[in-house]
$ cat upload_23.cif   # mmCIF, C-alpha atoms
data_input
loop_
_atom_site.group_PDB
_atom_site.id
_atom_site.type_symbol
_atom_site.label_atom_id
_atom_site.label_comp_id
_atom_site.auth_asym_id
_atom_site.auth_seq_id
_atom_site.Cartn_x
_atom_site.Cartn_y
_atom_site.Cartn_z
ATOM 1 C CA MET N 1 17.058 20.211 2.238
ATOM 2 C CA ALA N 2 14.273 22.540 3.306
ATOM 3 C CA SER N 3 10.863 20.932 2.979
ATOM 4 C CA ASN N 4 8.099 22.639 1.051
ATOM 5 C CA VAL N 5 5.418 20.779 3.020
ATOM 6 C CA ASP N 6 2.779 22.897 4.738
ATOM 7 C CA PHE N 7 3.056 21.254 8.184
ATOM 8 C CA ASP N 8 0.279 23.381 9.729
ATOM 9 C CA ARG N 9 -2.192 22.134 7.142
ATOM 10 C CA LEU N 10 -0.803 18.610 7.426
ATOM 11 C CA ALA N 11 -1.396 18.658 11.204
ATOM 12 C CA GLU N 12 -4.934 19.924 10.593
ATOM 13 C CA LYS N 13 -5.642 17.225 7.995
ATOM 14 C CA LEU N 14 -4.274 14.440 10.229
ATOM 15 C CA ALA N 15 -6.738 15.229 13.024
ATOM 16 C CA GLY N 16 -8.967 12.169 13.474
ATOM 17 C CA HIS N 17 -6.651 9.853 11.485
ATOM 18 C CA ASP N 18 -5.371 7.359 14.058
ATOM 19 C CA TYR N 19 -3.494 4.760 12.071
ATOM 20 C CA ALA N 20 -1.542 4.495 8.847
ATOM 21 C CA TYR N 21 0.444 2.163 6.627
ATOM 22 C CA LEU N 22 4.200 2.439 6.368
ATOM 23 C CA ILE N 23 5.285 1.398 2.880
ATOM 24 C CA THR N 24 8.881 0.376 2.294
ATOM 25 C CA VAL N 25 10.332 -1.186 -0.849
ATOM 26 C CA ASP N 26 12.085 -4.560 -0.979
ATOM 27 C CA ALA N 27 15.164 -5.634 -2.970
ATOM 28 C CA GLN N 28 12.923 -6.764 -5.863
ATOM 29 C CA ASN N 29 11.356 -3.293 -5.908
ATOM 30 C CA ARG N 30 8.066 -4.579 -4.508
ATOM 31 C CA PRO N 31 6.096 -2.497 -2.004
ATOM 32 C CA HIS N 32 5.802 -3.772 1.586
ATOM 33 C CA PRO N 33 2.994 -2.125 3.621
ATOM 34 C CA VAL N 34 2.574 -2.567 7.385
ATOM 35 C CA PRO N 35 0.005 -0.954 9.720
ATOM 36 C CA VAL N 36 1.527 1.622 12.085
ATOM 37 C CA MET N 37 0.339 4.398 14.421
ATOM 38 C CA PRO N 38 2.464 7.436 13.561
ATOM 39 C CA THR N 39 2.404 10.852 15.203
ATOM 40 C CA LEU N 40 3.273 14.214 13.650
ATOM 41 C CA ASP N 41 5.744 16.051 15.866
ATOM 42 C CA GLY N 42 6.346 19.485 14.314
ATOM 43 C CA ASP N 43 7.961 18.705 10.976
ATOM 44 C CA THR N 44 8.735 15.055 11.780
ATOM 45 C CA VAL N 45 6.539 11.960 11.457
ATOM 46 C CA ARG N 46 7.423 9.524 14.245
ATOM 47 C CA ILE N 47 6.724 5.799 14.383
ATOM 48 C CA ALA N 48 7.549 3.898 17.575
ATOM 49 C CA ALA N 49 8.621 0.234 17.780
ATOM 50 C CA LEU N 50 8.918 -0.870 14.179
ATOM 51 C CA GLY N 51 9.035 -4.606 14.811
ATOM 52 C CA GLY N 52 8.753 -5.954 11.274
ATOM 53 C CA ARG N 53 11.921 -7.675 10.147
ATOM 54 C CA ARG N 54 11.187 -7.025 6.469
ATOM 55 C CA SER N 55 10.442 -3.327 6.964
ATOM 56 C CA ARG N 56 13.717 -2.930 8.847
ATOM 57 C CA ALA N 57 15.654 -4.830 6.164
ATOM 58 C CA ASN N 58 14.072 -2.626 3.473
ATOM 59 C CA LEU N 59 14.951 0.538 5.405
ATOM 60 C CA ALA N 60 18.567 -0.574 5.643
ATOM 61 C CA ARG N 61 18.647 -0.525 1.830
ATOM 62 C CA SER N 62 16.564 2.570 1.113
ATOM 63 C CA ALA N 63 15.447 5.314 3.486
ATOM 64 C CA ASP N 64 12.696 6.509 1.112
ATOM 65 C CA VAL N 65 9.317 5.670 2.595
ATOM 66 C CA THR N 66 5.645 6.454 2.169
ATOM 67 C CA VAL N 67 3.185 6.803 5.052
ATOM 68 C CA MET N 68 -0.492 6.583 4.172
ATOM 69 C CA TRP N 69 -3.349 7.403 6.575
ATOM 70 C CA PRO N 70 -6.694 6.019 5.354
ATOM 71 C CA PRO N 71 -9.754 8.222 5.881
ATOM 72 C CA PRO N 72 -11.428 7.911 9.301
ATOM 73 C CA VAL N 73 -14.831 8.255 7.592
ATOM 74 C CA PRO N 74 -15.986 6.709 4.282
ATOM 75 C CA GLY N 75 -15.467 9.080 1.372
ATOM 76 C CA GLY N 76 -12.870 11.176 3.240
ATOM 77 C CA TYR N 77 -9.385 11.992 2.097
ATOM 78 C CA THR N 78 -6.374 9.728 2.533
ATOM 79 C CA VAL N 79 -3.251 11.563 3.684
ATOM 80 C CA ILE N 80 -0.040 10.432 1.979
ATOM 81 C CA VAL N 81 3.426 11.546 3.052
ATOM 82 C CA ASP N 82 6.603 10.721 1.134
ATOM 83 C CA GLY N 83 9.820 11.199 3.055
ATOM 84 C CA THR N 84 13.194 10.024 4.231
ATOM 85 C CA ALA N 85 13.344 7.847 7.331
ATOM 86 C CA GLU N 86 15.983 7.740 9.996
ATOM 87 C CA VAL N 87 16.011 4.506 12.030
ATOM 88 C CA SER N 88 16.986 4.753 15.706
ATOM 89 C CA ASP N 89 18.734 1.349 15.758
ATOM 90 C CA ALA N 90 18.506 -2.040 14.100
ATOM 91 C CA GLY N 91 16.629 -3.836 16.890
ATOM 92 C CA GLU N 92 12.969 -4.808 17.183
ATOM 93 C CA LEU N 93 12.161 -1.676 19.157
ATOM 94 C CA ALA N 94 13.625 0.561 16.459
ATOM 95 C CA SER N 95 11.719 3.810 16.035
ATOM 96 C CA LEU N 96 11.530 5.951 12.925
ATOM 97 C CA ALA N 97 11.831 9.694 12.426
ATOM 98 C CA ILE N 98 10.588 10.621 8.954
ATOM 99 C CA ALA N 99 11.367 13.963 7.304
ATOM 100 C CA PRO N 100 8.480 14.560 4.849
ATOM 101 C CA SER N 101 9.373 15.820 1.369
ATOM 102 C CA ARG N 102 5.784 15.817 0.073
ATOM 103 C CA ALA N 103 2.299 15.536 1.527
ATOM 104 C CA VAL N 104 -0.846 14.994 -0.531
ATOM 105 C CA LEU N 105 -4.505 14.267 0.073
ATOM 106 C CA ILE N 106 -6.213 11.788 -2.242
ATOM 107 C CA ARG N 107 -9.607 10.196 -2.535
ATOM 108 C CA VAL N 108 -11.323 7.908 -4.972
ATOM 109 C CA ALA N 109 -12.693 9.834 -7.939
ATOM 110 C CA THR N 110 -16.487 9.965 -7.896
ATOM 111 C CA PRO N 111 -18.976 11.008 -10.582
ATOM 112 C CA GLU N 112 -18.853 14.469 -8.915
ATOM 113 C CA SER N 113 -15.051 14.715 -9.308
ATOM 114 C CA PRO N 114 -13.810 17.076 -12.013
ATOM 115 C CA GLY N 115 -13.576 14.510 -14.834
ATOM 116 C CA GLU N 116 -10.269 13.304 -16.194
ATOM 117 C CA THR N 117 -7.814 14.838 -13.732
ATOM 118 C CA PRO N 118 -4.068 14.360 -14.370
ATOM 119 C CA CYS N 119 -3.687 12.312 -11.206
ATOM 120 C CA TYR N 120 -6.899 10.285 -11.811
ATOM 121 C CA SER N 121 -7.965 10.401 -8.160
ATOM 122 C CA ASP N 122 -9.222 13.574 -6.575
ATOM 123 C CA CYS N 123 -5.984 15.007 -5.057
ATOM 124 C CA VAL N 124 -4.590 18.047 -3.195
ATOM 125 C CA ASP N 125 -0.878 18.839 -2.722
ATOM 126 C CA LEU N 126 -0.169 20.274 0.790
ATOM 127 C CA LYS N 127 2.706 22.591 -0.155
ATOM 128 C CA LEU N 128 3.722 26.050 0.954
ATOM 129 C CA THR N 129 4.508 27.587 -2.431
ATOM 130 C CA MET A 1 -1.015 -30.430 -12.665
ATOM 131 C CA ALA A 2 1.888 -29.425 -14.879
ATOM 132 C CA HIS A 3 1.079 -29.996 -18.539
ATOM 133 C CA ALA A 4 3.747 -30.482 -21.163
ATOM 134 C CA THR A 5 3.949 -27.372 -23.329
ATOM 135 C CA PRO A 6 6.419 -27.333 -26.211
ATOM 136 C CA GLY A 7 9.319 -24.970 -25.583
ATOM 137 C CA VAL A 8 8.480 -24.375 -21.908
ATOM 138 C CA PRO A 9 10.421 -26.422 -19.343
ATOM 139 C CA ALA A 10 8.163 -28.368 -16.973
ATOM 140 C CA ALA A 11 9.958 -26.830 -13.980
ATOM 141 C CA ALA A 12 8.999 -23.328 -15.151
ATOM 142 C CA ILE A 13 5.342 -24.346 -15.409
ATOM 143 C CA THR A 14 5.471 -25.800 -11.890
ATOM 144 C CA ILE A 15 6.928 -22.549 -10.559
ATOM 145 C CA LEU A 16 4.224 -20.487 -12.286
ATOM 146 C CA GLU A 17 1.515 -22.731 -10.864
ATOM 147 C CA ALA A 18 3.051 -22.567 -7.402
ATOM 148 C CA MET A 19 3.004 -18.770 -7.588
ATOM 149 C CA SER A 20 -0.638 -18.561 -8.586
ATOM 150 C CA LYS A 21 -1.937 -21.500 -6.543
ATOM 151 C CA PRO A 22 -1.555 -20.331 -2.933
ATOM 152 C CA VAL A 23 -4.240 -17.615 -2.947
ATOM 153 C CA ASP A 24 -7.649 -18.696 -1.666
ATOM 154 C CA LEU A 25 -9.672 -16.783 -4.277
ATOM 155 C CA ALA A 26 -13.039 -17.919 -2.887
ATOM 156 C CA ARG A 27 -12.148 -16.562 0.564
ATOM 157 C CA LEU A 28 -10.908 -13.346 -1.044
ATOM 158 C CA ALA A 29 -14.246 -12.991 -2.852
ATOM 159 C CA GLU A 30 -16.077 -13.473 0.489
ATOM 160 C CA LEU A 31 -13.964 -10.865 2.261
ATOM 161 C CA LEU A 32 -13.943 -8.078 -0.339
ATOM 162 C CA PRO A 33 -17.559 -6.880 0.174
ATOM 163 C CA GLY A 34 -16.560 -6.007 3.769
ATOM 164 C CA TYR A 35 -14.145 -3.387 2.512
ATOM 165 C CA GLY A 36 -14.715 -0.090 0.727
ATOM 166 C CA PHE A 37 -12.039 1.267 -1.550
ATOM 167 C CA ALA A 38 -8.398 0.180 -1.905
ATOM 168 C CA PHE A 39 -5.005 1.689 -2.573
ATOM 169 C CA LEU A 40 -2.952 0.674 -5.570
ATOM 170 C CA VAL A 41 0.746 0.779 -4.672
ATOM 171 C CA THR A 42 3.293 0.713 -7.501
ATOM 172 C CA VAL A 43 7.054 1.216 -7.387
ATOM 173 C CA GLY A 44 9.229 3.109 -9.873
ATOM 174 C CA ASP A 45 12.775 2.461 -11.011
ATOM 175 C CA ASP A 46 13.910 4.938 -8.358
ATOM 176 C CA TYR A 47 12.437 2.692 -5.599
ATOM 177 C CA ARG A 48 9.858 5.424 -4.883
ATOM 178 C CA VAL A 49 6.335 4.370 -4.079
ATOM 179 C CA ARG A 50 3.271 5.726 -5.901
ATOM 180 C CA THR A 51 -0.160 5.355 -4.375
ATOM 181 C CA THR A 52 -3.592 5.941 -5.773
ATOM 182 C CA ALA A 53 -7.085 5.289 -4.429
ATOM 183 C CA ILE A 54 -9.175 2.819 -6.431
ATOM 184 C CA THR A 55 -12.356 0.727 -6.212
ATOM 185 C CA PRO A 56 -11.487 -2.721 -7.562
ATOM 186 C CA CYS A 57 -14.007 -5.286 -8.854
ATOM 187 C CA PHE A 58 -13.222 -8.981 -8.458
ATOM 188 C CA ASP A 59 -14.491 -11.582 -10.931
ATOM 189 C CA GLY A 60 -13.228 -14.525 -8.866
ATOM 190 C CA THR A 61 -9.902 -14.706 -10.720
ATOM 191 C CA ARG A 62 -8.635 -11.192 -11.375
ATOM 192 C CA LEU A 63 -9.166 -7.756 -9.892
ATOM 193 C CA ASP A 64 -10.308 -5.080 -12.315
ATOM 194 C CA ILE A 65 -8.839 -1.861 -10.898
ATOM 195 C CA GLY A 66 -10.053 0.411 -13.688
ATOM 196 C CA PRO A 67 -7.891 2.885 -15.613
ATOM 197 C CA VAL A 68 -4.639 3.987 -13.930
ATOM 198 C CA GLY A 69 -3.137 7.515 -14.022
ATOM 199 C CA ALA A 70 0.068 8.571 -15.771
ATOM 200 C CA HIS A 71 2.494 7.854 -12.884
ATOM 201 C CA GLY A 72 0.944 4.480 -12.165
ATOM 202 C CA ARG A 73 1.108 3.549 -15.863
ATOM 203 C CA GLU A 74 4.726 4.599 -16.032
ATOM 204 C CA ASN A 75 5.599 2.364 -13.053
ATOM 205 C CA LEU A 76 3.497 -0.533 -14.365
ATOM 206 C CA SER A 77 5.196 -0.384 -17.751
ATOM 207 C CA ILE A 78 8.513 -1.124 -15.979
ATOM 208 C CA ARG A 79 7.371 -3.375 -13.118
ATOM 209 C CA THR A 80 4.137 -5.298 -13.088
ATOM 210 C CA ALA A 81 4.342 -6.385 -9.423
ATOM 211 C CA VAL A 82 1.821 -4.314 -7.462
ATOM 212 C CA THR A 83 0.265 -4.319 -4.013
ATOM 213 C CA LEU A 84 -3.344 -3.503 -3.241
ATOM 214 C CA VAL A 85 -4.237 -2.361 0.281
ATOM 215 C CA TRP A 86 -7.829 -2.368 1.505
ATOM 216 C CA PRO A 87 -7.715 -0.316 4.696
ATOM 217 C CA ALA A 88 -9.368 -1.588 7.843
ATOM 218 C CA ARG A 89 -12.460 0.359 8.908
ATOM 219 C CA ASP A 90 -10.978 0.579 12.379
ATOM 220 C CA VAL A 91 -7.420 0.300 13.663
ATOM 221 C CA GLY A 92 -8.203 -2.923 15.557
ATOM 222 C CA GLU A 93 -9.629 -4.684 12.490
ATOM 223 C CA TYR A 94 -7.865 -6.503 9.667
ATOM 224 C CA SER A 95 -6.428 -4.697 6.683
ATOM 225 C CA LEU A 96 -6.417 -6.760 3.501
ATOM 226 C CA PHE A 97 -3.212 -6.827 1.452
ATOM 227 C CA VAL A 98 -3.017 -8.439 -1.979
ATOM 228 C CA ASP A 99 0.175 -8.748 -3.997
ATOM 229 C CA GLY A 100 -0.367 -9.340 -7.674
ATOM 230 C CA ILE A 101 0.785 -9.026 -11.231
ATOM 231 C CA ALA A 102 -0.818 -6.279 -13.292
ATOM 232 C CA GLU A 103 -1.658 -6.427 -16.983
ATOM 233 C CA LEU A 104 -1.370 -2.973 -18.495
ATOM 234 C CA PRO A 105 -3.570 -2.366 -21.547
ATOM 235 C CA ALA A 106 -2.119 -0.405 -24.478
ATOM 236 C CA ASP A 107 -5.038 2.016 -24.293
ATOM 237 C CA PRO A 108 -4.292 4.658 -21.561
ATOM 238 C CA VAL A 109 -7.952 4.691 -20.486
ATOM 239 C CA GLY A 110 -8.200 0.887 -20.622
ATOM 240 C CA ARG A 111 -8.878 -1.092 -17.456
ATOM 241 C CA VAL A 112 -5.944 -2.657 -15.609
ATOM 242 C CA LEU A 113 -6.356 -6.269 -14.433
ATOM 243 C CA VAL A 114 -4.427 -7.690 -11.475
ATOM 244 C CA THR A 115 -3.917 -11.422 -10.853
ATOM 245 C CA PRO A 116 -3.451 -12.044 -7.106
ATOM 246 C CA THR A 117 -0.272 -13.927 -6.135
ATOM 247 C CA LYS A 118 -0.528 -13.498 -2.350
ATOM 248 C CA ALA A 119 -3.282 -12.320 -0.010
ATOM 249 C CA LEU A 120 -2.952 -11.433 3.670
ATOM 250 C CA LEU A 121 -5.139 -10.179 6.485
ATOM 251 C CA HIS A 122 -3.080 -8.080 8.836
ATOM 252 C CA ARG A 123 -3.796 -6.208 12.065
ATOM 253 C CA PRO A 124 -1.655 -4.740 14.793
ATOM 254 C CA VAL A 125 -1.522 -6.228 18.284
ATOM 255 C CA PHE A 126 -2.093 -3.750 21.113
ATOM 256 C CA GLU A 127 -0.541 -3.603 24.530
ATOM 257 C CA PRO A 128 -3.246 -4.833 26.964
ATOM 258 C CA GLY A 129 -5.747 -2.086 27.779
ATOM 259 C CA THR A 130 -4.093 0.511 25.551
ATOM 260 C CA GLN A 131 -4.210 1.823 21.976
ATOM 261 C CA ARG A 132 -0.438 1.435 21.790
ATOM 262 C CA ALA A 133 0.505 -1.039 19.094
ATOM 263 C CA VAL A 134 3.170 -3.596 19.902
ATOM 264 C CA GLY A 135 5.675 -3.070 17.119
ATOM 265 C CA THR A 136 7.178 -6.498 17.464
ATOM 266 C CA ALA A 137 3.968 -8.497 16.983
ATOM 267 C CA HIS A 138 1.299 -8.588 14.298
ATOM 268 C CA ASP A 139 -1.766 -10.742 13.802
ATOM 269 C CA CYS A 140 -1.320 -11.973 10.253
ATOM 270 C CA VAL A 141 -3.420 -14.520 8.316
ATOM 271 C CA GLN A 142 -2.432 -15.636 4.840
ATOM 272 C CA LEU A 143 -5.298 -16.643 2.513
ATOM 273 C CA LYS A 144 -3.914 -19.874 1.104
ATOM 274 C CA ALA A 145 -5.858 -22.256 -1.100
ATOM 275 C CA ASP A 146 -4.440 -25.398 0.497
#
$ encode --input "upload_23.cif" --output "structure tokens"
Amino acid sequence: MASNVDFDRLAEKLAGHDYAYLITVDAQNRPHPVPVMPTLDGDTVRIAALGGRRSRANLARSADVTVMWPPPVPGGYTVIVDGTAEVSDAGELASLAIAPSRAVLIRVATPESPGETPCYSDCVDLKLT
Amino acid sequence: MAHATPGVPAAAITILEAMSKPVDLARLAELLPGYGFAFLVTVGDDYRVRTTAITPCFDGTRLDIGPVGAHGRENLSIRTAVTLVWPARDVGEYSLFVDGIAELPADPVGRVLVTPTKALLHRPVFEPGTQRAVGTAHDCVQLKAD
């Protein structure tokens, strides 16, 4: 499936963001976040050495993941990527290649934000069309 | 202490107390001022994650996360288990993760309250002298009451 994500803008927005959280979902449908240091390589988000046993078990069940980069400066935007992950192998040094299906920027709504927005937080969808 | 409540088996009460007991709420209250905003993470029936940025207030028992948007409400109406993530200010510092149970008010602009069931401080471990995280090791501290 061709992605509608604007990867040029995503690369631009990720500048200065050094770490992120990988969020997988467990069998009880509960989120499981872990800190990771992903890199954007063209149209792929790569995460090296995913050691967490629970993250790997969750990925074996569902390849849908979310990667969330908190803002490097207070008040900045968080970058959130939803995508499908491919795991290199099942071991502790497993790496991930994530194909993003959506990328958005969000930040906490402030008194200056445009009131009651549909997504509550101040948000921008990084899409091509 | 488990108290006898008519119609509720004592074992069920013990389980509920065990679920709510482990979190060191006083320690959580001490730590929260060191963090800015948080992320509310909910999960839908399709196993997809929804994230929104929030600024929770803690009263010592529950976290008031304010009103939640349409997608978050939809997820919360199906599953009340949520995770809150307070990001670390720097990659080498602790992130704060809280799992909890959300109470969704009937009023769409009403404030959502989350009762913590588990709280963790979590930071990556780096290879000596580098910024390369060791994927197989994490520095993880659970905030337990006992």
$ closest_residue --input "upload_23.cif" --among "A:Leu76, A:Arg123, A:Leu96, A:Leu25" --to "chain N" --atoms "only C-alpha atoms"
A:Arg123
$ interface_residues --input "upload_23.cif" --of "chain A" --to "chain N" --cutoff "10 Å" --atoms "all atoms listed in the file" --output "PyMOL selection string"
chain A and resi 36-39+41-55+67-72+79-92+94-95+97+99+109+122-124+131-138
$ closest_residue --input "upload_23.cif" --among "N:Val79, N:Ala60, N:Val45, N:Leu128" --to "Leu96 of chain N" --atoms "only C-alpha atoms"
N:Val45
$ atom_distance --input "upload_23.cif" --atom1 "atom CA of Lys118 of chain A" --atom2 "atom CA of Gly34 of chain A"
18.7 Å
$ atom_distance --input "upload_23.cif" --atom1 "atom CA of Val112 of chain A" --atom2 "atom CA of Leu32 of chain A"
18.1 Å
$ atom_distance --input "upload_23.cif" --atom1 "atom CA of Asp41 of chain N" --atom2 "atom CA of Glu93 of chain A"
26.0 Å
$ resolve_selection --input "upload_23.cif" --expression "the PyMOL selection byres ((chain N and resi 42) around 12)" --output "PyMOL selection string"
chain N and resi 5-12+39-41+43-46+97-100
$ write_last_selection --input "upload_23.cif" --atoms "C-alpha atoms" --output "compact mmCIF listing (two decimals), in the coordinates of the input"
# COMPACT_ATOMS: atom_id res chain seq x y z
CA VAL N 5 5.42 20.78 3.02
CA ASP N 6 2.78 22.90 4.74
CA PHE N 7 3.06 21.25 8.18
CA ASP N 8 0.28 23.38 9.73
CA ARG N 9 -2.19 22.13 7.14
CA LEU N 10 -0.80 18.61 7.43
CA ALA N 11 -1.40 18.66 11.20
CA GLU N 12 -4.93 19.92 10.59
CA THR N 39 2.40 10.85 15.20
CA LEU N 40 3.27 14.21 13.65
CA ASP N 41 5.74 16.05 15.87
CA ASP N 43 7.96 18.70 10.98
CA THR N 44 8.74 15.06 11.78
CA VAL N 45 6.54 11.96 11.46
CA ARG N 46 7.42 9.52 14.24
CA ALA N 97 11.83 9.69 12.43
CA ILE N 98 10.59 10.62 8.95
CA ALA N 99 11.37 13.96 7.30
CA PRO N 100 8.48 14.56 4.85
$ closest_residue --input "upload_23.cif" --among "A:Glu103, A:Asp146, A:Glu127, A:Glu30" --to "Gly66 of chain A" --atoms "all atoms listed in the file"
A:Glu103
$ closest_residue --input "upload_23.cif" --among "A:Leu120, A:Val125, A:Cys140, A:Leu113" --to "Leu63 of chain A" --atoms "all atoms listed in the file"
A:Leu113
$ axis_aligned_box --input "upload_23.cif" --around "segment 20-37 of chain A" --padding-each-side "5 Å" --output "JSON"
{"center_x": -9.1, "center_y": -10.1, "center_z": -2.4, "size_x": 26.9, "size_y": 32.8, "size_z": 22.4}
